[in-house]
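Shown here: structure-v3.pdb, PDB, C-alpha atoms.
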```
ATOM      1  CA  MET A 151      18.347  15.008 -19.610
ATOM      2  CA  LEU A 152      20.098  12.872 -17.047
ATOM      3  CA  ALA A 153      17.081  13.200 -14.824
ATOM      4  CA  LEU A 154      14.830  11.924 -17.640
ATOM      5  CA  VAL A 155      17.030   8.876 -18.278
ATOM      6  CA  ALA A 156      17.250   8.097 -14.543
ATOM      7  CA  GLY A 157      13.442   8.442 -14.235
ATOM      8  CA  ALA A 158      12.865   6.163 -17.234
ATOM      9  CA  LEU A 159      15.254   3.506 -15.872
ATOM     10  CA  SER A 160      13.630   3.720 -12.435
ATOM     11  CA  ALA A 161      10.129   3.334 -13.951
ATOM     12  CA  ALA A 162      11.277   0.365 -16.085
ATOM     13  CA  SER A 163      12.864  -1.295 -13.025
ATOM     14  CA  GLY A 164       9.691  -0.778 -10.951
ATOM     15  CA  ALA A 165       7.516  -2.196 -13.737
ATOM     16  CA  ALA A 166       9.752  -5.284 -14.009
ATOM     17  CA  THR A 167       9.568  -5.844 -10.226
ATOM     18  CA  ALA A 168       5.787  -5.440 -10.263
ATOM     19  CA  GLN A 169       5.544  -7.884 -13.153
ATOM     20  CA  GLU A 170       7.711 -10.454 -11.294
ATOM     21  CA  VAL A 171       5.500 -10.127  -8.216
ATOM     22  CA  ALA A 172       2.361 -10.490 -10.312
ATOM     23  CA  GLU A 173       3.703 -13.677 -11.965
ATOM     24  CA  GLU A 174       4.201 -15.486  -8.639
ATOM     25  CA  PRO A 175       1.166 -17.675  -7.897
ATOM     26  CA  PRO A 176      -0.813 -16.769  -4.809
ATOM     27  CA  LYS A 177       0.036 -18.849  -1.742
ATOM     28  CA  ILE A 178      -2.806 -21.253  -0.989
ATOM     29  CA  ARG A 179      -2.965 -23.588   2.004
ATOM     30  CA  GLN A 180      -3.550 -27.195   0.980
ATOM     31  CA  VAL A 181      -6.774 -28.482   2.599
ATOM     32  CA  ASP A 182      -7.048 -32.259   2.939
ATOM     33  CA  ALA A 183     -10.374 -33.874   2.056
ATOM     34  CA  VAL A 184     -10.186 -35.955   5.251
ATOM     35  CA  GLU A 185      -8.822 -34.717   8.567
ATOM     36  CA  ARG A 186      -6.411 -37.068  10.390
ATOM     37  CA  GLY A 187      -4.984 -37.127  13.915
ATOM     38  CA  PHE A 188      -6.626 -37.326  17.344
ATOM     39  CA  PHE A 189     -10.297 -38.310  17.264
ATOM     40  CA  MET A 190     -13.269 -39.104  19.466
ATOM     41  CA  GLN A 191     -15.714 -41.815  18.410
ATOM     42  CA  ALA A 192     -19.101 -42.887  19.738
ATOM     43  CA  ASP A 193     -20.761 -46.241  18.975
ATOM     44  CA  VAL A 194     -24.424 -46.875  19.721
ATOM     45  CA  GLY A 195     -26.015 -50.175  18.736
ATOM     46  CA  VAL A 196     -27.197 -53.580  19.868
ATOM     47  CA  ALA A 197     -25.564 -56.762  21.207
ATOM     48  CA  ILE A 198     -27.169 -60.201  21.161
ATOM     49  CA  PHE A 199     -25.680 -63.165  23.036
ATOM     50  CA  VAL A 200     -26.200 -66.241  20.874
ATOM     51  CA  ASN A 201     -25.433 -68.797  23.581
ATOM     52  CA  GLU A 202     -26.317 -69.262  27.239
ATOM     53  CA  LEU A 203     -24.186 -67.617  29.900
ATOM     54  CA  ASP A 204     -24.013 -69.754  33.033
ATOM     55  CA  ASN A 205     -27.196 -71.603  31.969
ATOM     56  CA  ARG A 206     -29.147 -68.370  31.406
ATOM     57  CA  ARG A 207     -30.251 -67.040  28.021
ATOM     58  CA  TYR A 208     -30.316 -63.273  27.415
ATOM     59  CA  GLY A 209     -32.224 -61.249  24.868
ATOM     60  CA  PRO A 210     -30.855 -58.358  22.789
ATOM     61  CA  GLY A 211     -29.497 -55.376  24.676
ATOM     62  CA  PRO A 212     -27.942 -51.984  23.982
ATOM     63  CA  GLN A 213     -24.247 -51.487  23.307
ATOM     64  CA  VAL A 214     -22.689 -48.034  23.736
ATOM     65  CA  GLY A 215     -19.011 -47.150  23.409
ATOM     66  CA  VAL A 216     -16.951 -43.948  23.704
ATOM     67  CA  TYR A 217     -13.350 -43.893  22.469
ATOM     68  CA  LEU A 218     -10.405 -41.532  22.084
ATOM     69  CA  GLY A 219      -7.912 -42.474  19.406
ATOM     70  CA  TYR A 220      -5.156 -41.430  17.057
ATOM     71  CA  ASP A 221      -4.588 -42.061  13.345
ATOM     72  CA  ILE A 222      -1.050 -43.431  13.146
ATOM     73  CA  LEU A 223      -1.411 -43.833   9.362
ATOM     74  CA  PRO A 224      -4.352 -43.105   7.043
ATOM     75  CA  VAL A 225      -5.132 -46.851   7.191
ATOM     76  CA  LEU A 226      -4.262 -47.577  10.855
ATOM     77  CA  ASN A 227      -5.546 -46.136  14.112
ATOM     78  CA  LEU A 228      -5.466 -47.024  17.808
ATOM     79  CA  GLY A 229      -7.914 -46.107  20.532
ATOM     80  CA  LEU A 230      -8.787 -46.419  24.211
ATOM     81  CA  GLY A 231     -12.243 -46.203  25.626
ATOM     82  CA  VAL A 232     -15.080 -47.888  27.400
ATOM     83  CA  THR A 233     -17.972 -50.006  26.153
ATOM     84  CA  PHE A 234     -21.237 -50.619  27.992
ATOM     85  CA  TRP A 235     -23.549 -53.437  26.978
ATOM     86  CA  GLY A 236     -26.031 -55.837  28.435
ATOM     87  CA  GLY A 237     -29.037 -58.011  27.928
ATOM     88  CA  GLU A 238     -32.343 -58.809  29.536
ATOM     89  CA  VAL A 239     -32.995 -62.280  30.865
ATOM     90  CA  ASP A 240     -35.050 -64.099  28.271
ATOM     91  CA  SER A 241     -38.688 -63.948  29.416
ATOM     92  CA  GLY A 242     -39.075 -67.631  28.516
ATOM     93  CA  ALA A 243     -36.587 -68.624  31.228
ATOM     94  CA  GLU A 244     -37.964 -70.772  34.056
ATOM     95  CA  ALA A 245     -36.687 -68.539  36.873
ATOM     96  CA  PRO A 246     -35.597 -65.119  35.577
ATOM     97  CA  GLN A 247     -33.403 -63.470  38.200
ATOM     98  CA  GLY A 248     -31.915 -60.331  36.702
ATOM     99  CA  ASP A 249     -30.485 -58.589  33.692
ATOM    100  CA  LEU A 250     -26.809 -58.650  32.760
ATOM    101  CA  PHE A 251     -24.744 -55.472  32.324
ATOM    102  CA  TYR A 252     -21.052 -55.096  31.390
ATOM    103  CA  VAL A 253     -18.695 -52.131  31.640
ATOM    104  CA  SER A 254     -15.523 -52.796  29.701
ATOM    105  CA  PRO A 255     -12.440 -50.543  29.427
ATOM    106  CA  THR A 256     -11.084 -51.486  26.006
ATOM    107  CA  PHE A 257      -8.061 -51.064  23.745
ATOM    108  CA  ARG A 258      -8.910 -50.962  20.040
ATOM    109  CA  ALA A 259      -6.870 -51.245  16.808
ATOM    110  CA  GLN A 260      -8.309 -50.681  13.302
ATOM    111  CA  VAL A 261      -6.812 -51.418   9.887
ATOM    112  CA  ALA A 262      -8.421 -50.245   6.629
ATOM    113  CA  LEU A 263      -8.359 -52.943   3.953
ATOM    114  CA  VAL A 264     -10.077 -50.951   1.181
ATOM    115  CA  THR A 265     -10.038 -47.162   0.917
ATOM    116  CA  THR A 266     -10.956 -44.260  -1.323
ATOM    117  CA  GLU A 267     -10.557 -40.581  -0.491
ATOM    118  CA  ARG A 268     -13.568 -40.562   1.875
ATOM    119  CA  ASN A 269     -14.630 -44.228   2.211
ATOM    120  CA  PHE A 270     -12.928 -46.839   4.384
ATOM    121  CA  MET A 271     -13.579 -50.560   4.952
ATOM    122  CA  TRP A 272     -12.157 -51.408   8.388
ATOM    123  CA  VAL A 273     -11.273 -54.548  10.321
ATOM    124  CA  ARG A 274     -11.070 -53.892  14.048
ATOM    125  CA  GLY A 275      -9.856 -55.834  17.072
ATOM    126  CA  ASP A 276     -10.880 -55.006  20.652
ATOM    127  CA  VAL A 277      -9.297 -56.289  23.881
ATOM    128  CA  GLY A 278     -10.566 -55.294  27.292
ATOM    129  CA  PHE A 279     -11.697 -56.327  30.735
ATOM    130  CA  GLY A 280     -15.416 -56.671  31.429
ATOM    131  CA  PHE A 281     -16.904 -55.870  34.802
ATOM    132  CA  GLY A 282     -20.199 -57.776  34.942
ATOM    133  CA  MET A 283     -23.083 -56.546  37.050
ATOM    134  CA  PRO A 284     -24.769 -57.498  39.264
ATOM    135  CA  SER A 285     -21.925 -59.496  40.801
ATOM    136  CA  GLU A 286     -24.369 -61.617  42.812
ATOM    137  CA  ILE A 287     -28.100 -62.145  43.356
ATOM    138  CA  ASP A 288     -29.487 -63.737  46.531
ATOM    139  CA  GLY A 289     -25.957 -64.629  47.688
ATOM    140  CA  VAL A 290     -25.154 -66.492  44.449
ATOM    141  CA  GLU A 291     -22.462 -65.248  42.042
ATOM    142  CA  TYR A 292     -24.164 -63.884  38.966
ATOM    143  CA  ALA A 293     -22.108 -61.977  36.371
ATOM    144  CA  GLY A 294     -18.394 -62.001  37.205
ATOM    145  CA  ASN A 295     -15.420 -60.087  35.836
ATOM    146  CA  GLY A 296     -13.047 -61.223  33.118
ATOM    147  CA  PRO A 297     -11.322 -60.538  29.792
ATOM    148  CA  VAL A 298     -13.405 -59.452  26.792
ATOM    149  CA  PHE A 299     -12.415 -59.739  23.121
ATOM    150  CA  GLY A 300     -14.051 -58.542  19.931
ATOM    151  CA  VAL A 301     -13.570 -58.582  16.168
ATOM    152  CA  THR A 302     -15.611 -56.398  13.809
ATOM    153  CA  ALA A 303     -15.718 -55.268  10.212
ATOM    154  CA  GLY A 304     -17.174 -51.948   9.186
ATOM    155  CA  PHE A 305     -17.659 -49.145   6.719
ATOM    156  CA  GLU A 306     -16.858 -45.489   7.422
ATOM    157  CA  ARG A 307     -17.523 -42.409   5.285
ATOM    158  CA  PHE A 308     -15.972 -39.008   5.920
ATOM    159  CA  THR A 309     -18.505 -36.264   5.259
ATOM    160  CA  LYS A 310     -17.845 -33.045   3.330
ATOM    161  CA  LEU A 311     -17.219 -31.423   6.722
ATOM    162  CA  ARG A 312     -13.942 -33.487   6.721
ATOM    163  CA  HIS A 313     -13.720 -33.597  10.535
ATOM    164  CA  PHE A 314     -16.810 -35.835  10.809
ATOM    165  CA  ALA A 315     -17.163 -39.460   9.775
ATOM    166  CA  ILE A 316     -20.170 -41.770  10.048
ATOM    167  CA  GLY A 317     -20.204 -45.525   9.729
ATOM    168  CA  ILE A 318     -21.454 -48.910  10.828
ATOM    169  CA  HIS A 319     -19.669 -51.927  12.320
ATOM    170  CA  GLY A 320     -20.792 -55.489  12.807
ATOM    171  CA  GLY A 321     -18.951 -58.291  14.527
ATOM    172  CA  VAL A 322     -18.521 -60.741  17.344
ATOM    173  CA  VAL A 323     -17.721 -60.155  21.028
ATOM    174  CA  PHE A 324     -16.496 -62.820  23.446
ATOM    175  CA  VAL A 325     -16.917 -62.580  27.231
ATOM    176  CA  THR A 326     -15.253 -65.003  29.663
ATOM    177  CA  GLU A 327     -17.504 -64.489  32.706
ATOM    178  CA  PRO A 328     -19.880 -65.755  34.073
ATOM    179  CA  SER A 329     -19.066 -68.328  31.378
ATOM    180  CA  LEU A 330     -17.774 -68.161  27.814
ATOM    181  CA  GLY A 331     -20.291 -66.073  25.900
ATOM    182  CA  VAL A 332     -20.503 -65.180  22.230
ATOM    183  CA  GLY A 333     -22.373 -62.067  21.161
ATOM    184  CA  ILE A 334     -23.200 -60.521  17.808
ATOM    185  CA  THR A 335     -22.936 -56.729  17.691
ATOM    186  CA  VAL A 336     -24.164 -54.089  15.227
ATOM    187  CA  THR A 337     -23.144 -50.506  15.998
ATOM    188  CA  PRO A 338     -23.556 -47.322  13.948
ATOM    189  CA  THR A 339     -20.679 -44.911  14.679
ATOM    190  CA  ILE A 340     -19.914 -41.200  14.537
ATOM    191  CA  LYS A 341     -16.385 -39.806  14.743
ATOM    192  CA  TYR A 342     -14.925 -36.316  15.106
ATOM    193  CA  THR A 343     -11.246 -35.713  14.304
ATOM    194  CA  PHE A 344      -9.646 -32.708  15.996
TER
END
```

As structure tokens:
Amino acid sequence: MLALVAGALSAASGAATAQEVAEEPPKIRQVDAVERGFFMQADVGVAIFVNELDNRRYGPGPQVGVYLGYDILPVLNLGLGVTFWGGEVDSGAEAPQGDLFYVSPTFRAQVALVTTERNFMWVRGDVGFGFGMPSEIDGVEYAGNGPVFGVTAGFERFTKLRHFAIGIHGGVVFVTEPSLGVGITVTPTIKYTF
């Protein structure tokens, strides 16, 4: 009889423990819709100088940038990278001598002004140093090296893959050599967050 009571109590205790375990919700890892942290971004677009540089007018040219960055906040990120851009001498020039090409190591800061879960409207500032090439043609200084500044606004959308974002930026770039130059830039972007 004692054995029956002990067996019944043991079965009741086991059933209660099983029921308690069954009532606990399963542990699920929270997956964010947008991945944040270290990222790599590539920009590929066009730059057009709207004024003359050292009395020479240049046509539209490619602009390519590669950056590594970090999301400090969901609405603020910083990056370091390099931008390449240039322009062909306008064919209407009296004595075309050569094309202009810049390589610019650049620091970049972006702030999102409007956001949703996957969509971001950014304002970005760039500061760098442009190395202009060629430095001289026929013994005459041609491009020159100097500070470069830029301001852009853009839209970015994180895809369902959550590590990838695509976007487009448009803005203004200022070069200081061979003379003060103002360029308009339009660059589609792709970003991967690690």

For Phe188 (chain A): contacts at 7 Å, all atoms listed in the file, fewer than 6 positions along chain excluded, given as a list in words: Gly219, Tyr220, Asp221, Thr343 and Phe344 of chain A

Mind writing the picked residues with C-alpha atoms as a tab-separated table (two decimals), in the frame of the given file?
```
chain	number	residue	atom	x	y	z
A	219	GLY	CA	-7.91	-42.47	19.41
A	220	TYR	CA	-5.16	-41.43	17.06
A	221	ASP	CA	-4.59	-42.06	13.34
A	343	THR	CA	-11.25	-35.71	14.30
A	344	PHE	CA	-9.65	-32.71	16.00
```

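Every protein, DNA or RNA residue with an atom at most 8 Å from Val301 (chain A), where all atoms listed in the file count and chain neighbours fewer than 4 positions away do not, is listed here: Val273, Arg274, Gly275, Asp276, Gly321, Val322 and Val323 of chain A.
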
Residue neighbourhood region 235-241 of chain A, 10 Å, all atoms listed in the file, exclusion window fewer than 3 positions, as an MDAnalysis selection string: chainID A and resid 194:199 206:215 244:254 280 282:283 335

Distance criterion (all atoms listed in the file): nearest to Thr326 (chain A) out of A:Phe279, A:Phe314, A:Tyr292, A:Tyr342: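 For Thr326 (chain A), the nearest of the candidates is A:Phe279.
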
Length of the CA of Phe281 (chain A) to CA of Phe234 (chain A) vector [Å]: 9.6 Å

Residues matched by the PyMOL selection byres ((chain A and resi 189) around 12) as a PyMOL selection string: chain A and resi 185-188+190-192+216-222+227-231+313-315+340-344

Pick from A:Val325, A:Val336, A:Ala293, A:Gly317, whichever lies nearest to Gly278 (chain A) using only C-alpha atoms: A:Val325

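Minimum distance to Gly294 (chain A) across A:Ile334, A:Pro328, A:Gln260, A:Leu226 (counting all atoms listed in the file) occurs at A:Pro328.
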
Separation of CA of Gly320 (chain A) from CA of Asp204 (chain A), in Å and rounded to one decimal: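 For CA of Gly320 (chain A) relative to CA of Asp204 (chain A), the distance reads 25.0 Å.
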
Between CA of Phe324 (chain A) and CA of Phe305 (chain A), distance in Å (one decimal):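 Atom-to-atom, CA of Phe324 (chain A) to CA of Phe305 (chain A), that is 21.6 Å.
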
Residue IDs satisfying the PyMOL selection byres ((chain A and resi 262) around 7), as a list of chain:residue names: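 Here the PyMOL selection byres ((chain A and resi 262) around 7) matches A:Val225, A:Leu226, A:Gln260, A:Val261, A:Leu263, A:Val264, A:Thr265, A:Phe270, A:Met271, A:Trp272, A:Val273.
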
Build an axis-aligned box that encloses every atom of region 263-276 of chain A listed in the file, pad it by 3 Å on each side, and report its centre and edge lengths in Å to one decimal, as lines of an AutoDock Vina configuration file.
```
center_x = -11.5
center_y = -48.2
center_z = 9.7
size_x = 12.3
size_y = 21.3
size_z = 28.0
```

Proximity to Val200 (chain A) - best of A:Arg258, A:Pro338, A:Ile178, A:Gly333, only C-alpha atoms: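 Ranked by minimum distance to Val200 (chain A), first place goes to A:Gly333.
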